[in-house]
Amino acid sequence: MIPGGATRRLGVGMMAVVALALSACGRDSTSTARVPADGVHFSILSAQGQASSAPLWQPLLDDMSKAIGVKVTARFGASYAELVEEMKQGRTQAGWFSARPAIEALDTADAEVIARTVDTDGADSYRSSLIVRKGSGLTLDAVLACGRRLDFGIGDAQSTSGTLAPMTFLFNPRRIDPQACFATVESANHETNAFSVATGVLDVATSNSVSTAALTRQNPAVADQIETIWQSPPIPESGILVREDLDPALKEKIRSFFLTYGQGSGVEADRQRRVLAGLRYSRFAAADADYLDPVREMIADETLAAARASGDRAAATAAERDLQRLRARREVQP
């Protein structure tokens, strides 16, 4: 027989356990099976502004809304950091991210990869580049000679092709710090840098193969004033991300939409392919976070270079270990 006081204590304890369990269940149901009341907000980087990007993306988002049965609203951001923060705060639930900010969203904003983009030529990668004004006579050797003689344009700090790739593949291996190498270093988006090089405001700038192709189509007169003097190894193309806490059924509908969009035959598939062509894509391919490992290698290399420069041996050892792990993982993949 249990004493009365003990019975009361047991009853209180059991009620607390039940309340805790119900509370935990409530948290799980809202955090892992959430359907936004006002629909899905889809983030898009638009350095040139909503006016130029909306006509290209809106037809696809309208189709997405019909396919998943939930309203889809575009949210255009002017910087990579803004896109990541929007997803971190839950103001967006899905989005189009280039490689480096995609990794930050995976690591800090409860995001996951559901697809990657494939261009009109069937490529799922692109290349970073250095551009100079045509006829300037500047060569890669002249640029790398430093001497604080040239004005240099670099990308957004979070840009894969505008900053990370040129640092990893061009400057870091030569122990070159752009701030010490060039007369001035200006950070801007690819379009601004290209116009600055074409007009002589900058001597050299970072760019990428996708931006160069787009400039050639949209402003051939400016593109004709530019030439490429360096290209990086292939870089993974952009991806489609969603928040992990979306309702699983809704998440699967979004995944299915992207992986089947513009595929097959018939009038509707042909129309969808025209929408993709406007975005310079041929399709979306299945992908998970592993496809971004080459960019994680670049980030580890960047971290290692910074640790060595600061003399932080512990950080350098950790970065070196991470870099070797990623390289070993790549070497054993088919």
# chains A, B, ... in the order shown; residues from 1 in each chain; ligands from 1
>>> select_by_dssp(residues="segment 108-324 of chain A", states="strand (DSSP E or B)", output="CSV table (one decimal) with C-alpha atoms, in the first residue's frame")
chain,number,residue,atom,x,y,z
A,111,ALA,CA,17.6,23.9,-44.9
A,112,GLU,CA,18.0,20.8,-47.1
A,113,VAL,CA,18.8,20.3,-50.8
A,114,ILE,CA,16.1,18.8,-53.0
A,115,ALA,CA,17.5,19.6,-56.5
A,116,ARG,CA,20.3,21.2,-58.5
A,117,THR,CA,20.1,23.2,-61.8
A,118,VAL,CA,21.2,22.0,-65.2
A,119,ASP,CA,22.0,24.5,-67.9
A,125,SER,CA,28.7,23.2,-63.2
A,126,TYR,CA,30.2,26.5,-64.3
A,128,SER,CA,34.8,31.4,-62.0
A,129,SER,CA,36.9,33.8,-64.1
A,130,LEU,CA,39.0,36.9,-64.2
A,131,ILE,CA,38.1,39.5,-66.8
A,132,VAL,CA,39.9,42.5,-68.2
A,133,ARG,CA,39.1,45.2,-70.8
A,151,ASP,CA,42.2,48.5,-59.5
A,152,PHE,CA,40.5,45.1,-58.7
A,153,GLY,CA,36.8,44.1,-58.5
A,154,ILE,CA,35.9,41.1,-56.4
A,184,THR,CA,42.1,49.3,-54.7
A,185,VAL,CA,39.7,46.4,-54.1
A,186,GLU,CA,36.0,47.0,-54.7
A,187,SER,CA,33.2,44.4,-53.9
A,204,VAL,CA,40.5,43.5,-63.6
A,205,ALA,CA,37.6,41.8,-61.8
A,206,THR,CA,36.1,38.4,-61.0
A,207,SER,CA,33.2,37.0,-62.9
A,208,ASN,CA,31.9,33.6,-64.1
A,226,ILE,CA,35.7,42.3,-72.1
A,227,GLU,CA,38.0,39.3,-72.3
A,228,THR,CA,38.7,36.4,-70.0
A,229,ILE,CA,42.2,35.8,-68.8
A,230,TRP,CA,41.6,33.0,-66.3
A,231,GLN,CA,39.0,30.3,-65.5
A,235,ILE,CA,32.1,24.7,-59.7
A,236,PRO,CA,28.7,23.0,-58.7
A,239,GLY,CA,20.4,24.4,-56.1
A,240,ILE,CA,16.9,24.4,-54.8
A,241,LEU,CA,16.6,24.3,-51.0
A,242,VAL,CA,13.6,23.9,-48.6
A,243,ARG,CA,13.3,24.2,-44.9
A,246,LEU,CA,8.0,21.9,-43.8
A,281,TYR,CA,18.1,25.9,-67.6
A,282,SER,CA,17.1,22.6,-69.3
A,283,ARG,CA,15.9,20.8,-66.1
A,284,PHE,CA,16.4,20.3,-62.4
A,285,ALA,CA,18.3,17.2,-61.4
A,286,ALA,CA,17.9,15.2,-58.1
>>> atom_distance(atom1="atom CA of Thr168 of chain A", atom2="atom CA of Ser136 of chain A")
25.8 Å
>>> atom_distance(atom1="atom CA of Asp121 of chain A", atom2="atom CA of Asp63 of chain A")
23.5 Å
>>> residues_around(residues="segment 100-105 of chain A", least_positions_apart="6", cutoff="10 Å", atoms="only C-alpha atoms", output="PDB file with N, CA, C and O atoms, in the first residue's frame")
ATOM      1  N   SER A  79      21.244  40.275 -51.710  1.00  0.00           N
ATOM      2  CA  SER A  79      22.532  39.725 -51.278  1.00  0.00           C
ATOM      3  C   SER A  79      22.355  38.297 -50.793  1.00  0.00           C
ATOM      4  O   SER A  79      21.256  37.874 -50.416  1.00  0.00           O
ATOM      5  N   TYR A  80      23.455  37.561 -50.801  1.00  0.00           N
ATOM      6  CA  TYR A  80      23.440  36.185 -50.326  1.00  0.00           C
ATOM      7  C   TYR A  80      23.076  36.122 -48.843  1.00  0.00           C
ATOM      8  O   TYR A  80      22.310  35.266 -48.418  1.00  0.00           O
ATOM      9  N   ALA A  81      23.632  37.032 -48.070  1.00  0.00           N
ATOM     10  CA  ALA A  81      23.367  37.037 -46.629  1.00  0.00           C
ATOM     11  C   ALA A  81      21.882  37.232 -46.361  1.00  0.00           C
ATOM     12  O   ALA A  81      21.317  36.627 -45.436  1.00  0.00           O
ATOM     13  N   GLU A  82      21.230  38.060 -47.157  1.00  0.00           N
ATOM     14  CA  GLU A  82      19.805  38.316 -46.974  1.00  0.00           C
ATOM     15  C   GLU A  82      18.989  37.047 -47.209  1.00  0.00           C
ATOM     16  O   GLU A  82      18.050  36.746 -46.465  1.00  0.00           O
ATOM     17  N   LEU A  83      19.357  36.272 -48.248  1.00  0.00           N
ATOM     18  CA  LEU A  83      18.632  35.037 -48.538  1.00  0.00           C
ATOM     19  C   LEU A  83      18.747  34.047 -47.385  1.00  0.00           C
ATOM     20  O   LEU A  83      17.765  33.405 -46.999  1.00  0.00           O
ATOM     21  N   VAL A  84      19.958  33.902 -46.867  1.00  0.00           N
ATOM     22  CA  VAL A  84      20.180  32.959 -45.771  1.00  0.00           C
ATOM     23  C   VAL A  84      19.409  33.386 -44.535  1.00  0.00           C
ATOM     24  O   VAL A  84      18.756  32.572 -43.868  1.00  0.00           O
ATOM     25  N   GLU A  85      19.457  34.667 -44.218  1.00  0.00           N
ATOM     26  CA  GLU A  85      18.769  35.172 -43.026  1.00  0.00           C
ATOM     27  C   GLU A  85      17.259  35.003 -43.155  1.00  0.00           C
ATOM     28  O   GLU A  85      16.578  34.672 -42.171  1.00  0.00           O
ATOM     29  N   GLU A  86      16.722  35.234 -44.349  1.00  0.00           N
ATOM     30  CA  GLU A  86      15.287  35.057 -44.563  1.00  0.00           C
ATOM     31  C   GLU A  86      14.861  33.627 -44.257  1.00  0.00           C
ATOM     32  O   GLU A  86      13.833  33.398 -43.620  1.00  0.00           O
ATOM     33  N   MET A  87      15.658  32.657 -44.712  1.00  0.00           N
ATOM     34  CA  MET A  87      15.309  31.263 -44.452  1.00  0.00           C
ATOM     35  C   MET A  87      15.542  30.912 -42.979  1.00  0.00           C
ATOM     36  O   MET A  87      14.773  30.175 -42.372  1.00  0.00           O
ATOM     37  N   LYS A  88      16.586  31.456 -42.404  1.00  0.00           N
ATOM     38  CA  LYS A  88      16.877  31.185 -40.994  1.00  0.00           C
ATOM     39  C   LYS A  88      15.732  31.653 -40.105  1.00  0.00           C
ATOM     40  O   LYS A  88      15.368  30.984 -39.126  1.00  0.00           O
ATOM     41  N   ALA A 111      17.975  24.097 -43.491  1.00  0.00           N
ATOM     42  CA  ALA A 111      17.598  23.859 -44.879  1.00  0.00           C
ATOM     43  C   ALA A 111      18.105  22.508 -45.365  1.00  0.00           C
ATOM     44  O   ALA A 111      19.004  21.914 -44.758  1.00  0.00           O
ATOM     45  N   GLU A 112      17.530  22.028 -46.458  1.00  0.00           N
ATOM     46  CA  GLU A 112      18.013  20.817 -47.097  1.00  0.00           C
ATOM     47  C   GLU A 112      17.915  20.974 -48.611  1.00  0.00           C
ATOM     48  O   GLU A 112      17.081  21.742 -49.115  1.00  0.00           O
ATOM     49  N   VAL A 113      18.762  20.268 -49.338  1.00  0.00           N
ATOM     50  CA  VAL A 113      18.787  20.329 -50.796  1.00  0.00           C
ATOM     51  C   VAL A 113      17.783  19.340 -51.363  1.00  0.00           C
ATOM     52  O   VAL A 113      17.703  18.190 -50.915  1.00  0.00           O
ATOM     53  N   ALA A 157      31.206  38.839 -50.554  1.00  0.00           N
ATOM     54  CA  ALA A 157      32.027  37.982 -49.696  1.00  0.00           C
ATOM     55  C   ALA A 157      31.520  36.548 -49.666  1.00  0.00           C
ATOM     56  O   ALA A 157      32.299  35.610 -49.447  1.00  0.00           O
ATOM     57  N   GLN A 158      30.208  36.341 -49.896  1.00  0.00           N
ATOM     58  CA  GLN A 158      29.624  35.008 -49.884  1.00  0.00           C
ATOM     59  C   GLN A 158      29.500  34.401 -51.283  1.00  0.00           C
ATOM     60  O   GLN A 158      28.946  33.317 -51.441  1.00  0.00           O
ATOM     61  N   SER A 159      30.017  35.099 -52.287  1.00  0.00           N
ATOM     62  CA  SER A 159      29.896  34.607 -53.661  1.00  0.00           C
ATOM     63  C   SER A 159      30.880  33.472 -53.920  1.00  0.00           C
ATOM     64  O   SER A 159      32.077  33.601 -53.669  1.00  0.00           O
ATOM     65  N   THR A 160      30.368  32.369 -54.462  1.00  0.00           N
ATOM     66  CA  THR A 160      31.222  31.215 -54.758  1.00  0.00           C
ATOM     67  C   THR A 160      32.206  31.545 -55.866  1.00  0.00           C
ATOM     68  O   THR A 160      33.416  31.341 -55.734  1.00  0.00           O
ATOM     69  N   SER A 161      31.692  32.057 -56.978  1.00  0.00           N
ATOM     70  CA  SER A 161      32.566  32.321 -58.129  1.00  0.00           C
ATOM     71  C   SER A 161      33.237  33.685 -58.058  1.00  0.00           C
ATOM     72  O   SER A 161      34.313  33.878 -58.618  1.00  0.00           O
ATOM     73  N   LEU A 164      35.135  33.132 -53.478  1.00  0.00           N
ATOM     74  CA  LEU A 164      35.681  31.877 -52.942  1.00  0.00           C
ATOM     75  C   LEU A 164      36.564  31.147 -53.947  1.00  0.00           C
ATOM     76  O   LEU A 164      37.693  30.743 -53.617  1.00  0.00           O
ATOM     77  N   PRO A 236      30.102  23.503 -58.712  1.00  0.00           N
ATOM     78  CA  PRO A 236      28.715  23.037 -58.745  1.00  0.00           C
ATOM     79  C   PRO A 236      27.741  24.185 -58.966  1.00  0.00           C
ATOM     80  O   PRO A 236      27.887  25.255 -58.386  1.00  0.00           O
ATOM     81  N   SER A 238      23.903  26.093 -59.013  1.00  0.00           N
ATOM     82  CA  SER A 238      22.985  26.438 -57.932  1.00  0.00           C
ATOM     83  C   SER A 238      22.008  25.309 -57.633  1.00  0.00           C
ATOM     84  O   SER A 238      21.851  24.371 -58.422  1.00  0.00           O
ATOM     85  N   GLY A 239      21.360  25.400 -56.481  1.00  0.00           N
ATOM     86  CA  GLY A 239      20.430  24.356 -56.062  1.00  0.00           C
ATOM     87  C   GLY A 239      19.116  24.924 -55.548  1.00  0.00           C
ATOM     88  O   GLY A 239      18.991  26.130 -55.317  1.00  0.00           O
ATOM     89  N   ILE A 240      18.154  24.045 -55.396  1.00  0.00           N
ATOM     90  CA  ILE A 240      16.861  24.406 -54.805  1.00  0.00           C
ATOM     91  C   ILE A 240      16.835  23.855 -53.387  1.00  0.00           C
ATOM     92  O   ILE A 240      17.053  22.657 -53.170  1.00  0.00           O
ATOM     93  N   LEU A 241      16.582  24.720 -52.418  1.00  0.00           N
ATOM     94  CA  LEU A 241      16.564  24.337 -51.008  1.00  0.00           C
ATOM     95  C   LEU A 241      15.171  24.537 -50.415  1.00  0.00           C
ATOM     96  O   LEU A 241      14.424  25.420 -50.867  1.00  0.00           O
ATOM     97  N   VAL A 242      14.857  23.731 -49.415  1.00  0.00           N
ATOM     98  CA  VAL A 242      13.626  23.911 -48.646  1.00  0.00           C
ATOM     99  C   VAL A 242      13.973  23.815 -47.169  1.00  0.00           C
ATOM    100  O   VAL A 242      14.986  23.234 -46.793  1.00  0.00           O
ATOM    101  N   ARG A 243      13.125  24.380 -46.344  1.00  0.00           N
ATOM    102  CA  ARG A 243      13.314  24.235 -44.898  1.00  0.00           C
ATOM    103  C   ARG A 243      12.946  22.824 -44.471  1.00  0.00           C
ATOM    104  O   ARG A 243      11.978  22.232 -44.961  1.00  0.00           O
ATOM    105  N   ALA A 289      22.862  17.131 -50.218  1.00  0.00           N
ATOM    106  CA  ALA A 289      23.912  18.045 -49.759  1.00  0.00           C
ATOM    107  C   ALA A 289      25.301  17.646 -50.242  1.00  0.00           C
ATOM    108  O   ALA A 289      26.197  18.496 -50.338  1.00  0.00           O
ATOM    109  N   LEU A 292      27.504  19.510 -52.935  1.00  0.00           N
ATOM    110  CA  LEU A 292      28.187  20.755 -52.596  1.00  0.00           C
ATOM    111  C   LEU A 292      29.571  20.531 -51.981  1.00  0.00           C
ATOM    112  O   LEU A 292      30.255  21.487 -51.640  1.00  0.00           O
ATOM    113  N   ASP A 293      29.992  19.282 -51.854  1.00  0.00           N
ATOM    114  CA  ASP A 293      31.286  18.985 -51.231  1.00  0.00           C
ATOM    115  C   ASP A 293      32.465  19.707 -51.894  1.00  0.00           C
ATOM    116  O   ASP A 293      33.391  20.141 -51.186  1.00  0.00           O
ATOM    117  N   VAL A 295      32.577  22.640 -52.990  1.00  0.00           N
ATOM    118  CA  VAL A 295      32.597  24.000 -52.442  1.00  0.00           C
ATOM    119  C   VAL A 295      32.995  23.973 -50.974  1.00  0.00           C
ATOM    120  O   VAL A 295      33.680  24.873 -50.482  1.00  0.00           O
ATOM    121  N   ARG A 296      32.595  22.928 -50.268  1.00  0.00           N
ATOM    122  CA  ARG A 296      33.065  22.784 -48.884  1.00  0.00           C
ATOM    123  C   ARG A 296      34.593  22.663 -48.856  1.00  0.00           C
ATOM    124  O   ARG A 296      35.246  23.150 -47.926  1.00  0.00           O
ATOM    125  N   MET A 298      36.586  24.187 -50.907  1.00  0.00           N
ATOM    126  CA  MET A 298      37.072  25.552 -51.078  1.00  0.00           C
ATOM    127  C   MET A 298      36.992  26.327 -49.765  1.00  0.00           C
ATOM    128  O   MET A 298      37.908  27.092 -49.423  1.00  0.00           O
ATOM    129  N   ILE A 299      35.900  26.142 -49.044  1.00  0.00           N
ATOM    130  CA  ILE A 299      35.730  26.842 -47.768  1.00  0.00           C
ATOM    131  C   ILE A 299      36.790  26.389 -46.769  1.00  0.00           C
ATOM    132  O   ILE A 299      37.375  27.200 -46.038  1.00  0.00           O
TER     133      ILE A 299
END
>>> atom_distance(atom1="atom CA of Ser211 of chain A", atom2="atom CA of Phe195 of chain A")
11.7 Å
>>> select_by_dssp(residues="segment 48-252 of chain A", states="helix (DSSP H, G or I)", output="MDAnalysis selection string")
chainID A and resid 50:68 80:88 99:108 140:144 160:174 178:181 190:198 209:218 220:223 248:252
